[in-house]
file query_36.txt (compact mmCIF, C-alpha atoms and all ligand atoms)
# COMPACT_ATOMS: atom_id res chain seq x y z
CA MET D 1053 -21.20 -18.61 -2.87
CA ARG D 1054 -23.83 -15.88 -2.54
CA GLN D 1055 -25.92 -14.68 -5.40
CA SER D 1056 -28.23 -11.77 -5.91
CA GLY D 1057 -29.66 -11.26 -9.37
CA SER D 1058 -26.78 -11.07 -11.79
CA TYR D 1059 -24.37 -10.22 -8.99
CA THR D 1060 -22.03 -12.86 -7.58
CA SER D 1061 -19.70 -12.33 -4.62
CA ARG D 1062 -16.37 -14.13 -4.31
CA ARG D 1063 -14.44 -11.34 -2.61
CA ARG D 1064 -12.93 -11.41 0.85
CA PRO D 1065 -15.21 -9.41 3.18
CA LEU D 1066 -13.85 -6.37 5.01
CA ILE D 1067 -14.67 -5.62 8.63
CA ALA D 1068 -13.70 -2.01 9.31
CA GLY D 1069 -13.86 -0.34 12.72
CA ASN D 1070 -14.74 3.36 12.68
CA TRP D 1071 -13.74 4.81 16.03
CA LYS D 1072 -15.16 8.25 15.16
CA MET D 1073 -14.04 10.87 17.73
CA HIS D 1074 -13.14 8.31 20.36
CA GLY D 1075 -9.81 7.04 21.60
CA MET D 1076 -6.89 8.33 23.65
CA LEU D 1077 -3.42 6.83 23.35
CA ASP D 1078 -3.77 4.69 26.49
CA GLU D 1079 -7.14 3.34 25.29
CA ALA D 1080 -5.70 2.45 21.90
CA GLN D 1081 -2.78 0.63 23.53
CA GLN D 1082 -5.24 -1.23 25.74
CA PHE D 1083 -7.27 -2.19 22.65
CA VAL D 1084 -4.21 -3.70 21.01
CA ALA D 1085 -3.22 -5.47 24.25
CA ASP D 1086 -6.76 -6.90 24.49
CA LEU D 1087 -6.40 -8.28 20.97
CA GLY D 1088 -3.69 -10.45 22.53
CA ASN D 1089 -2.97 -13.34 20.28
CA ILE D 1090 -6.28 -13.21 18.48
CA ALA D 1091 -5.32 -13.68 14.87
CA SER D 1092 -7.36 -12.13 12.09
CA PRO D 1093 -8.97 -15.05 10.30
CA ASP D 1094 -7.82 -15.60 6.71
CA GLN D 1095 -11.33 -15.36 5.32
CA VAL D 1096 -11.74 -11.73 6.39
CA GLU D 1097 -9.77 -8.52 5.93
CA VAL D 1098 -9.76 -6.35 9.05
CA ALA D 1099 -9.18 -2.60 9.23
CA LEU D 1100 -9.32 0.07 11.91
CA MET D 1101 -10.03 3.79 11.44
CA PRO D 1102 -8.94 5.60 14.63
CA PRO D 1103 -8.76 9.39 14.98
CA TYR D 1104 -5.80 11.08 13.23
CA THR D 1105 -3.79 11.37 16.47
CA LEU D 1106 -3.65 7.59 16.77
CA LEU D 1107 -2.65 6.76 13.20
CA HIS D 1108 1.12 6.83 13.68
CA PRO D 1109 1.12 5.15 17.12
CA LEU D 1110 -1.16 2.33 15.90
CA SER D 1111 0.36 1.82 12.48
CA GLU D 1112 3.09 -0.68 13.34
CA LEU D 1113 1.14 -2.39 16.13
CA LEU D 1114 -1.76 -3.14 13.80
CA ARG D 1115 0.52 -4.18 10.96
CA GLN D 1116 1.99 -6.87 13.21
CA LYS D 1117 -1.55 -8.22 13.71
CA GLY D 1118 -2.38 -8.17 10.01
CA ILE D 1119 -4.90 -5.35 10.54
CA GLN D 1120 -5.08 -2.55 7.97
CA LEU D 1121 -5.10 1.10 8.96
CA GLY D 1122 -7.47 3.75 7.65
CA ALA D 1123 -8.53 7.33 8.35
CA GLN D 1124 -12.00 8.77 8.76
CA ASN D 1125 -11.68 11.72 6.41
CA VAL D 1126 -9.18 13.67 4.30
CA TYR D 1127 -8.81 16.98 2.49
CA TYR D 1128 -8.20 16.97 -1.25
CA GLU D 1129 -5.03 19.07 -1.57
CA PRO D 1130 -1.63 17.35 -1.25
CA LYS D 1131 -0.20 20.14 0.97
CA GLY D 1132 -0.34 23.87 1.56
CA ALA D 1133 -2.05 26.61 3.55
CA PHE D 1134 -5.13 24.69 4.70
CA THR D 1135 -4.99 25.09 8.47
CA GLY D 1136 -6.52 22.17 10.30
CA SER D 1137 -6.66 19.86 7.30
CA ILE D 1138 -4.87 16.62 6.56
CA SER D 1139 -3.73 15.45 3.13
CA PRO D 1140 -3.95 12.06 1.43
CA LEU D 1141 -0.14 11.91 1.29
CA MET D 1142 0.05 12.41 5.05
CA LEU D 1143 -2.34 9.50 5.52
CA ARG D 1144 -0.15 7.33 3.30
CA ASP D 1145 2.87 8.48 5.29
CA ALA D 1146 1.12 7.34 8.49
CA GLY D 1147 0.58 3.88 7.00
CA CYS D 1148 -3.05 4.17 5.89
CA ARG D 1149 -4.47 2.01 3.19
CA TYR D 1150 -8.09 3.17 3.51
CA VAL D 1151 -9.95 6.43 4.01
CA ILE D 1152 -13.65 6.73 4.88
CA LEU D 1153 -15.33 9.40 2.75
CA ALA D 1154 -18.76 11.00 2.91
CA HIS D 1155 -19.81 9.45 6.21
CA SER D 1156 -23.32 10.68 7.06
CA GLU D 1157 -21.91 12.58 10.05
CA ARG D 1158 -19.71 14.55 7.63
CA ARG D 1159 -22.58 15.06 5.20
CA ASP D 1160 -25.09 16.10 7.89
CA ILE D 1161 -22.96 17.85 10.52
CA MET D 1162 -20.16 19.31 8.39
CA GLY D 1163 -22.31 19.92 5.28
CA GLU D 1164 -20.20 17.88 2.86
CA ALA D 1165 -21.85 17.60 -0.56
CA ASN D 1166 -21.12 15.70 -3.77
CA GLU D 1167 -18.77 18.29 -5.29
CA LEU D 1168 -16.39 18.17 -2.33
CA ILE D 1169 -16.72 14.39 -2.01
CA GLY D 1170 -15.77 14.00 -5.69
CA LYS D 1171 -12.59 16.02 -5.15
CA LYS D 1172 -11.69 13.96 -2.11
CA LEU D 1173 -12.23 10.72 -4.02
CA ALA D 1174 -9.92 11.86 -6.81
CA ALA D 1175 -7.27 12.97 -4.30
CA ALA D 1176 -7.45 9.69 -2.40
CA TRP D 1177 -6.97 7.71 -5.60
CA SER D 1178 -4.01 9.79 -6.73
CA ALA D 1179 -2.31 9.18 -3.38
CA GLY D 1180 -2.89 5.43 -3.59
CA LEU D 1181 -5.56 5.25 -0.88
CA GLU D 1182 -8.69 3.12 -1.18
CA PRO D 1183 -11.78 5.18 -0.36
CA ILE D 1184 -14.65 3.65 1.59
CA LEU D 1185 -17.48 5.73 0.18
CA CYS D 1186 -20.46 5.93 2.56
CA ILE D 1187 -23.99 6.24 1.27
CA GLY D 1188 -27.35 5.95 3.01
CA GLU D 1189 -30.82 7.39 3.35
CA HIS D 1190 -32.53 9.17 6.24
CA LEU D 1191 -35.61 7.64 7.84
CA GLU D 1192 -38.05 10.07 6.17
CA GLU D 1193 -36.50 9.28 2.80
CA ARG D 1194 -37.04 5.55 3.33
CA GLN D 1195 -40.59 6.13 4.53
CA ASP D 1196 -41.29 8.26 1.43
CA GLY D 1197 -39.97 5.53 -0.90
CA GLU D 1198 -36.97 7.70 -1.82
CA THR D 1199 -34.19 5.32 -0.78
CA ASN D 1200 -33.04 4.28 -4.25
CA ALA D 1201 -33.20 7.83 -5.60
CA VAL D 1202 -31.07 9.10 -2.69
CA LEU D 1203 -28.49 6.32 -3.13
CA ARG D 1204 -28.35 6.96 -6.89
CA ARG D 1205 -27.65 10.66 -6.29
CA GLN D 1206 -24.93 9.84 -3.75
CA LEU D 1207 -23.30 7.30 -6.10
CA ALA D 1208 -23.24 9.87 -8.90
CA VAL D 1209 -19.85 11.00 -7.50
CA LEU D 1210 -18.45 7.88 -9.18
CA GLU D 1211 -19.45 8.95 -12.68
CA ASP D 1212 -15.99 10.31 -13.52
CA ALA D 1213 -13.99 7.78 -11.51
CA PRO D 1214 -11.01 6.25 -13.28
CA GLU D 1215 -11.60 2.72 -14.52
CA GLY D 1216 -10.51 0.06 -12.06
CA ALA D 1217 -10.00 2.59 -9.21
CA ALA D 1218 -9.71 0.87 -5.83
CA LEU D 1219 -13.04 1.35 -4.10
CA THR D 1220 -15.24 0.04 -1.32
CA VAL D 1221 -18.78 1.32 -0.77
CA ALA D 1222 -20.48 1.26 2.65
CA TYR D 1223 -24.28 1.30 2.78
CA GLU D 1224 -25.24 2.87 6.09
CA PRO D 1225 -28.90 3.77 6.55
CA VAL D 1226 -28.62 6.96 8.63
CA TRP D 1227 -31.49 5.89 10.89
CA ALA D 1228 -29.50 2.79 11.90
CA ILE D 1229 -26.27 4.58 12.85
CA GLY D 1230 -25.67 4.66 16.59
CA THR D 1231 -29.37 4.07 17.28
CA GLY D 1232 -29.40 0.34 17.99
CA LEU D 1233 -31.80 -0.08 15.04
CA THR D 1234 -30.60 -2.22 12.15
CA ALA D 1235 -32.10 -2.67 8.74
CA SER D 1236 -33.88 -6.02 8.38
CA PRO D 1237 -32.17 -8.73 6.32
CA GLU D 1238 -34.82 -8.14 3.61
CA GLN D 1239 -34.11 -4.39 3.52
CA VAL D 1240 -30.35 -5.02 3.46
CA THR D 1241 -30.60 -7.62 0.69
CA GLU D 1242 -32.87 -5.49 -1.47
CA THR D 1243 -30.84 -2.32 -1.01
CA HIS D 1244 -27.47 -4.01 -1.61
CA ALA D 1245 -28.83 -5.54 -4.82
CA PHE D 1246 -29.83 -2.05 -5.98
CA ILE D 1247 -26.41 -0.61 -5.05
CA HIS D 1248 -24.56 -3.38 -6.91
CA GLU D 1249 -26.74 -2.73 -9.96
CA GLU D 1250 -25.98 0.99 -9.83
CA LEU D 1251 -22.27 0.30 -9.40
CA THR D 1252 -22.31 -2.02 -12.40
CA ARG D 1253 -24.04 0.69 -14.45
CA LEU D 1254 -21.28 3.10 -13.38
CA GLY D 1255 -18.57 0.60 -14.33
CA HIS D 1256 -17.55 -0.47 -10.81
CA ASP D 1257 -17.45 -3.97 -9.42
CA CYS D 1258 -16.51 -3.50 -5.78
CA ARG D 1259 -17.26 -4.59 -2.24
CA VAL D 1260 -20.35 -3.14 -0.57
CA LEU D 1261 -20.27 -3.15 3.24
CA TYR D 1262 -23.25 -2.74 5.56
CA GLY D 1263 -23.06 -0.30 8.48
CA GLY D 1264 -25.40 0.82 11.23
CA SER D 1265 -25.52 -0.72 14.72
CA VAL D 1266 -23.63 -3.85 13.69
CA LYS D 1267 -22.83 -5.84 16.85
CA PRO D 1268 -21.79 -9.38 17.77
CA GLU D 1269 -25.45 -10.41 18.17
CA ASN D 1270 -26.55 -9.41 14.65
CA ALA D 1271 -23.32 -9.66 12.64
CA ALA D 1272 -23.79 -13.21 11.32
CA GLU D 1273 -27.32 -12.52 10.08
CA LEU D 1274 -26.29 -9.29 8.37
CA MET D 1275 -23.11 -10.75 6.84
CA ALA D 1276 -25.13 -13.64 5.40
CA CYS D 1277 -27.34 -11.28 3.36
CA PRO D 1278 -26.66 -11.58 -0.38
CA GLY D 1279 -24.52 -8.72 -1.68
CA VAL D 1280 -23.08 -7.85 1.76
CA GLU D 1281 -19.28 -8.11 1.77
CA GLY D 1282 -18.38 -6.88 5.21
CA ALA D 1283 -19.29 -4.21 7.73
CA LEU D 1284 -18.42 -0.71 8.83
CA VAL D 1285 -18.67 -0.88 12.60
CA GLY D 1286 -18.88 2.13 14.91
CA GLY D 1287 -19.68 1.65 18.60
CA ALA D 1288 -18.97 -2.09 18.67
CA SER D 1289 -15.44 -1.54 17.31
CA LEU D 1290 -14.29 0.35 20.40
CA GLN D 1291 -13.73 -2.83 22.42
CA ALA D 1292 -11.39 -5.49 21.07
CA ASP D 1293 -13.66 -8.25 22.30
CA SER D 1294 -16.86 -7.17 20.52
CA PHE D 1295 -14.96 -6.11 17.40
CA MET D 1296 -13.24 -9.47 17.07
CA LYS D 1297 -16.54 -11.31 17.64
CA ILE D 1298 -17.92 -9.48 14.60
CA VAL D 1299 -14.77 -10.38 12.62
CA GLN D 1300 -15.23 -14.02 13.61
CA ALA D 1301 -18.93 -13.99 12.65
CA ALA D 1302 -18.00 -12.66 9.21
CA ALA D 1303 -15.27 -15.30 8.87
CA ASP D 1304 -17.71 -18.07 9.76
CA VAL D 1305 -20.22 -16.84 7.20
CA ALA D 1306 -17.49 -16.56 4.55
CA ALA D 1307 -16.16 -20.05 5.35
CA GLY D 1308 -19.65 -21.52 5.10
CA GLU D 1309 -20.17 -20.37 1.54
P1 LIG A 1401 -22.55 2.35 14.63
O1 LIG A 1401 -21.79 3.33 13.58
O2 LIG A 1401 -22.02 0.96 14.39
O3 LIG A 1401 -22.17 2.89 15.99
O4 LIG A 1401 -24.00 2.46 14.33
C1 LIG A 1401 -21.54 2.92 12.27
C2 LIG A 1401 -20.91 4.04 11.48
O5 LIG A 1401 -21.30 5.20 11.67
O6 LIG A 1401 -20.00 3.81 10.65

call {"tool": "encode", "arguments": {"input": "query_36.txt", "output": "structure tokens", "more": "lines below"}}
Ligand code: PGA
result
Amino acid sequence: MRQSGSYTSRRRPLIAGNWKMHGMLDEAQQFVADLGNIASPDQVEVALMPPYTLLHPLSELLRQKGIQLGAQNVYYEPKGAFTGSISPLMLRDAGCRYVILAHSERRDIMGEANELIGKKLAAAWSAGLEPILCIGEHLEERQDGETNAVLRRQLAVLEDAPEGAALTVAYEPVWAIGTGLTASPEQVTETHAFIHEELTRLGHDCRVLYGGSVKPENAAELMACPGVEGALVGGASLQADSFMKIVQAAADVAAGE
């Protein structure tokens, strides 16, 4: 059992693969074939977030393997004249349980801000989806000692959340995403403790994942940090082999508690 301050974790960790804008149908089929008979270990929940075009084709295949399906984004209206958008109900229809919201690439490249993120959260909850809310600081913010203030502002979207709403938070330092840099175990432990404290203040007791260059070589060390309950994995989730090594590392850590 891991402890950090007043926070105690007994939840099953989640390893979620974020494929971003990668993956054609043949590659996705190959991924599932490469999974072969690898079973998802009981100690860990596993989920995959492919691009929208692969949600329906992967839905049943992943279900047979005990892997949950999620999307990488959603719009907040249930239907209507919103060309190019996808609704929470459509994601449910495709078999999704999860939806990633507020990923730093959406904040920084698409300009998504708290107001929009709040609407998406509410829409995801009303459709029965579990949001994976991403938060994280830029390098300059960490260097300026602003990390906690940034995370607090990003978590403010949860102020009006319904009590007991299904939620997972992913802490992804922006400087560690796709760069090969990872936060040190000390940085991860300290920051996750702060996030759990903030969540408690806001009335949420939920899983907090770590994300940012998680790979088979560093997964065990990161998953063993107090307050870390899984990972959001980008690049290393594109190959079945490296993804499942991360799943196994998380399972070993969970079993050793
Ligand atoms: P990465 O991406 O593992 O490739 O750094 C993580 C993410 O952006 O969710």

call {"tool": "residues_near_ligand", "arguments": {"input": "query_36.txt", "ligand": "ligand LIG 1401 (chain A)", "cutoff": "6 Å", "atoms": "all atoms listed in the file", "output": "number ranges by chain"}}
result
D: 1070, 1229-1230, 1263-1266, 1284-1287

call {"tool": "residues_around", "arguments": {"input": "query_36.txt", "residues": "region 1237-1241 of chain D", "least_positions_apart": "2", "cutoff": "9 Å", "atoms": "all atoms listed in the file", "output": "list in words"}}
result
Ser1056, Tyr1223, Thr1234, Ala1235, Thr1243, His1244, Ala1245, Phe1246, Tyr1262, Glu1273, Leu1274, Ala1276, Cys1277, Pro1278, Gly1279 and Val1280 of chain D

call {"tool": "closest_residue", "arguments": {"input": "query_36.txt", "among": "D:Gly1170, D:Pro1268, D:Val1096, D:Arg1253", "to": "Ala1292 (chain D)", "atoms": "only C-alpha atoms"}}
result
D:Pro1268

call {"tool": "closest_residue", "arguments": {"input": "query_36.txt", "among": "D:Phe1134, D:Asp1094, D:Trp1227, D:Tyr1104", "to": "Gln1195 (chain D)", "atoms": "all atoms listed in the file"}}
result
D:Trp1227

call {"tool": "atom_distance", "arguments": {"input": "query_36.txt", "atom1": "CA of Ser1111 (chain D)", "atom2": "CA of Ala1302 (chain D)"}}
result
23.6 Å

call {"tool": "closest_residue", "arguments": {"input": "query_36.txt", "among": "D:Met1296, D:Ala1080, D:Ile1247, D:Leu1143", "to": "Val1098 (chain D)", "atoms": "all atoms listed in the file"}}
result
D:Met1296

call {"tool": "residues_near_point", "arguments": {"input": "query_36.txt", "point": "(-2.7, 2.5, 19.3)", "cutoff": "8 Å", "atoms": "all atoms listed in the file", "output": "list in words"}}
result
Leu1077, Asp1078, Glu1079, Ala1080, Gln1081, Gln1082, Phe1083, Val1084, Leu1106, Leu1107, Pro1109, Leu1110, Ser1111, Leu1113 and Leu1114 of chain D

call {"tool": "closest_residue", "arguments": {"input": "query_36.txt", "among": "D:Thr1135, D:Lys1267, D:Pro1183, D:Met1073", "to": "Asp1293 (chain D)", "atoms": "all atoms listed in the file"}}
result
D:Lys1267

call {"tool": "residues_around", "arguments": {"input": "query_36.txt", "residues": "region 1248-1252 of chain D", "least_positions_apart": "4", "cutoff": "8 Å", "atoms": "all atoms listed in the file", "output": "list in words"}}
result
Tyr1059, Arg1204, Leu1207, His1244, His1256, Asp1257, Cys1258, Val1260 and Gly1279 of chain D

call {"tool": "atom_distance", "arguments": {"input": "query_36.txt", "atom1": "CA of Leu1100 (chain D)", "atom2": "CA of Ile1119 (chain D)"}}
result
7.1 Å

call {"tool": "atom_distance", "arguments": {"input": "query_36.txt", "atom1": "CA of Ile1187 (chain D)", "atom2": "CA of Met1162 (chain D)"}}
result
15.4 Å

call {"tool": "residues_around", "arguments": {"input": "query_36.txt", "residues": "Ala1154 (chain D)", "least_positions_apart": "3", "cutoff": "12 Å", "atoms": "only C-alpha atoms", "output": "PyMOL selection string"}}
result
chain D and resi 1124-1127+1151+1157-1173+1183-1188+1206-1207+1209+1221-1224

call {"tool": "write_last_selection", "arguments": {"input": "query_36.txt", "atoms": "C-alpha atoms", "output": "PDB file, in the coordinates of the input"}}
result
ATOM      1  CA  GLN D1124     -12.000   8.770   8.760  1.00  0.00           C
ATOM      2  CA  ASN D1125     -11.680  11.720   6.410  1.00  0.00           C
ATOM      3  CA  VAL D1126      -9.180  13.670   4.300  1.00  0.00           C
ATOM      4  CA  TYR D1127      -8.810  16.980   2.490  1.00  0.00           C
ATOM      5  CA  VAL D1151      -9.950   6.430   4.010  1.00  0.00           C
ATOM      6  CA  GLU D1157     -21.910  12.580  10.050  1.00  0.00           C
ATOM      7  CA  ARG D1158     -19.710  14.550   7.630  1.00  0.00           C
ATOM      8  CA  ARG D1159     -22.580  15.060   5.200  1.00  0.00           C
ATOM      9  CA  ASP D1160     -25.090  16.100   7.890  1.00  0.00           C
ATOM     10  CA  ILE D1161     -22.960  17.850  10.520  1.00  0.00           C
ATOM     11  CA  MET D1162     -20.160  19.310   8.390  1.00  0.00           C
ATOM     12  CA  GLY D1163     -22.310  19.920   5.280  1.00  0.00           C
ATOM     13  CA  GLU D1164     -20.200  17.880   2.860  1.00  0.00           C
ATOM     14  CA  ALA D1165     -21.850  17.600  -0.560  1.00  0.00           C
ATOM     15  CA  ASN D1166     -21.120  15.700  -3.770  1.00  0.00           C
ATOM     16  CA  GLU D1167     -18.770  18.290  -5.290  1.00  0.00           C
ATOM     17  CA  LEU D1168     -16.390  18.170  -2.330  1.00  0.00           C
ATOM     18  CA  ILE D1169     -16.720  14.390  -2.010  1.00  0.00           C
ATOM     19  CA  GLY D1170     -15.770  14.000  -5.690  1.00  0.00           C
ATOM     20  CA  LYS D1171     -12.590  16.020  -5.150  1.00  0.00           C
ATOM     21  CA  LYS D1172     -11.690  13.960  -2.110  1.00  0.00           C
ATOM     22  CA  LEU D1173     -12.230  10.720  -4.020  1.00  0.00           C
ATOM     23  CA  PRO D1183     -11.780   5.180  -0.360  1.00  0.00           C
ATOM     24  CA  ILE D1184     -14.650   3.650   1.590  1.00  0.00           C
ATOM     25  CA  LEU D1185     -17.480   5.730   0.180  1.00  0.00           C
ATOM     26  CA  CYS D1186     -20.460   5.930   2.560  1.00  0.00           C
ATOM     27  CA  ILE D1187     -23.990   6.240   1.270  1.00  0.00           C
ATOM     28  CA  GLY D1188     -27.350   5.950   3.010  1.00  0.00           C
ATOM     29  CA  GLN D1206     -24.930   9.840  -3.750  1.00  0.00           C
ATOM     30  CA  LEU D1207     -23.300   7.300  -6.100  1.00  0.00           C
ATOM     31  CA  VAL D1209     -19.850  11.000  -7.500  1.00  0.00           C
ATOM     32  CA  VAL D1221     -18.780   1.320  -0.770  1.00  0.00           C
ATOM     33  CA  ALA D1222     -20.480   1.260   2.650  1.00  0.00           C
ATOM     34  CA  TYR D1223     -24.280   1.300   2.780  1.00  0.00           C
ATOM     35  CA  GLU D1224     -25.240   2.870   6.090  1.00  0.00           C
TER      36      GLU D1224
END

call {"tool": "closest_residue", "arguments": {"input": "query_36.txt", "among": "D:Glu1198, D:Glu1242, D:Glu1112, D:Glu1182", "to": "Pro1140 (chain D)", "atoms": "only C-alpha atoms"}}
result
D:Glu1182

call {"tool": "closest_residue", "arguments": {"input": "query_36.txt", "among": "D:Met1142, D:Gln1095, D:Tyr1150, D:Gly1136", "to": "Leu1121 (chain D)", "atoms": "all atoms listed in the file"}}
result
D:Tyr1150

call {"tool": "axis_aligned_box", "arguments": {"input": "query_36.txt", "around": "region 1128-1131 of chain D", "padding_each_side": "4 Å", "output": "JSON"}}
result
{"center_x": -4.2, "center_y": 18.6, "center_z": -0.3, "size_x": 16.0, "size_y": 11.2, "size_z": 10.5}
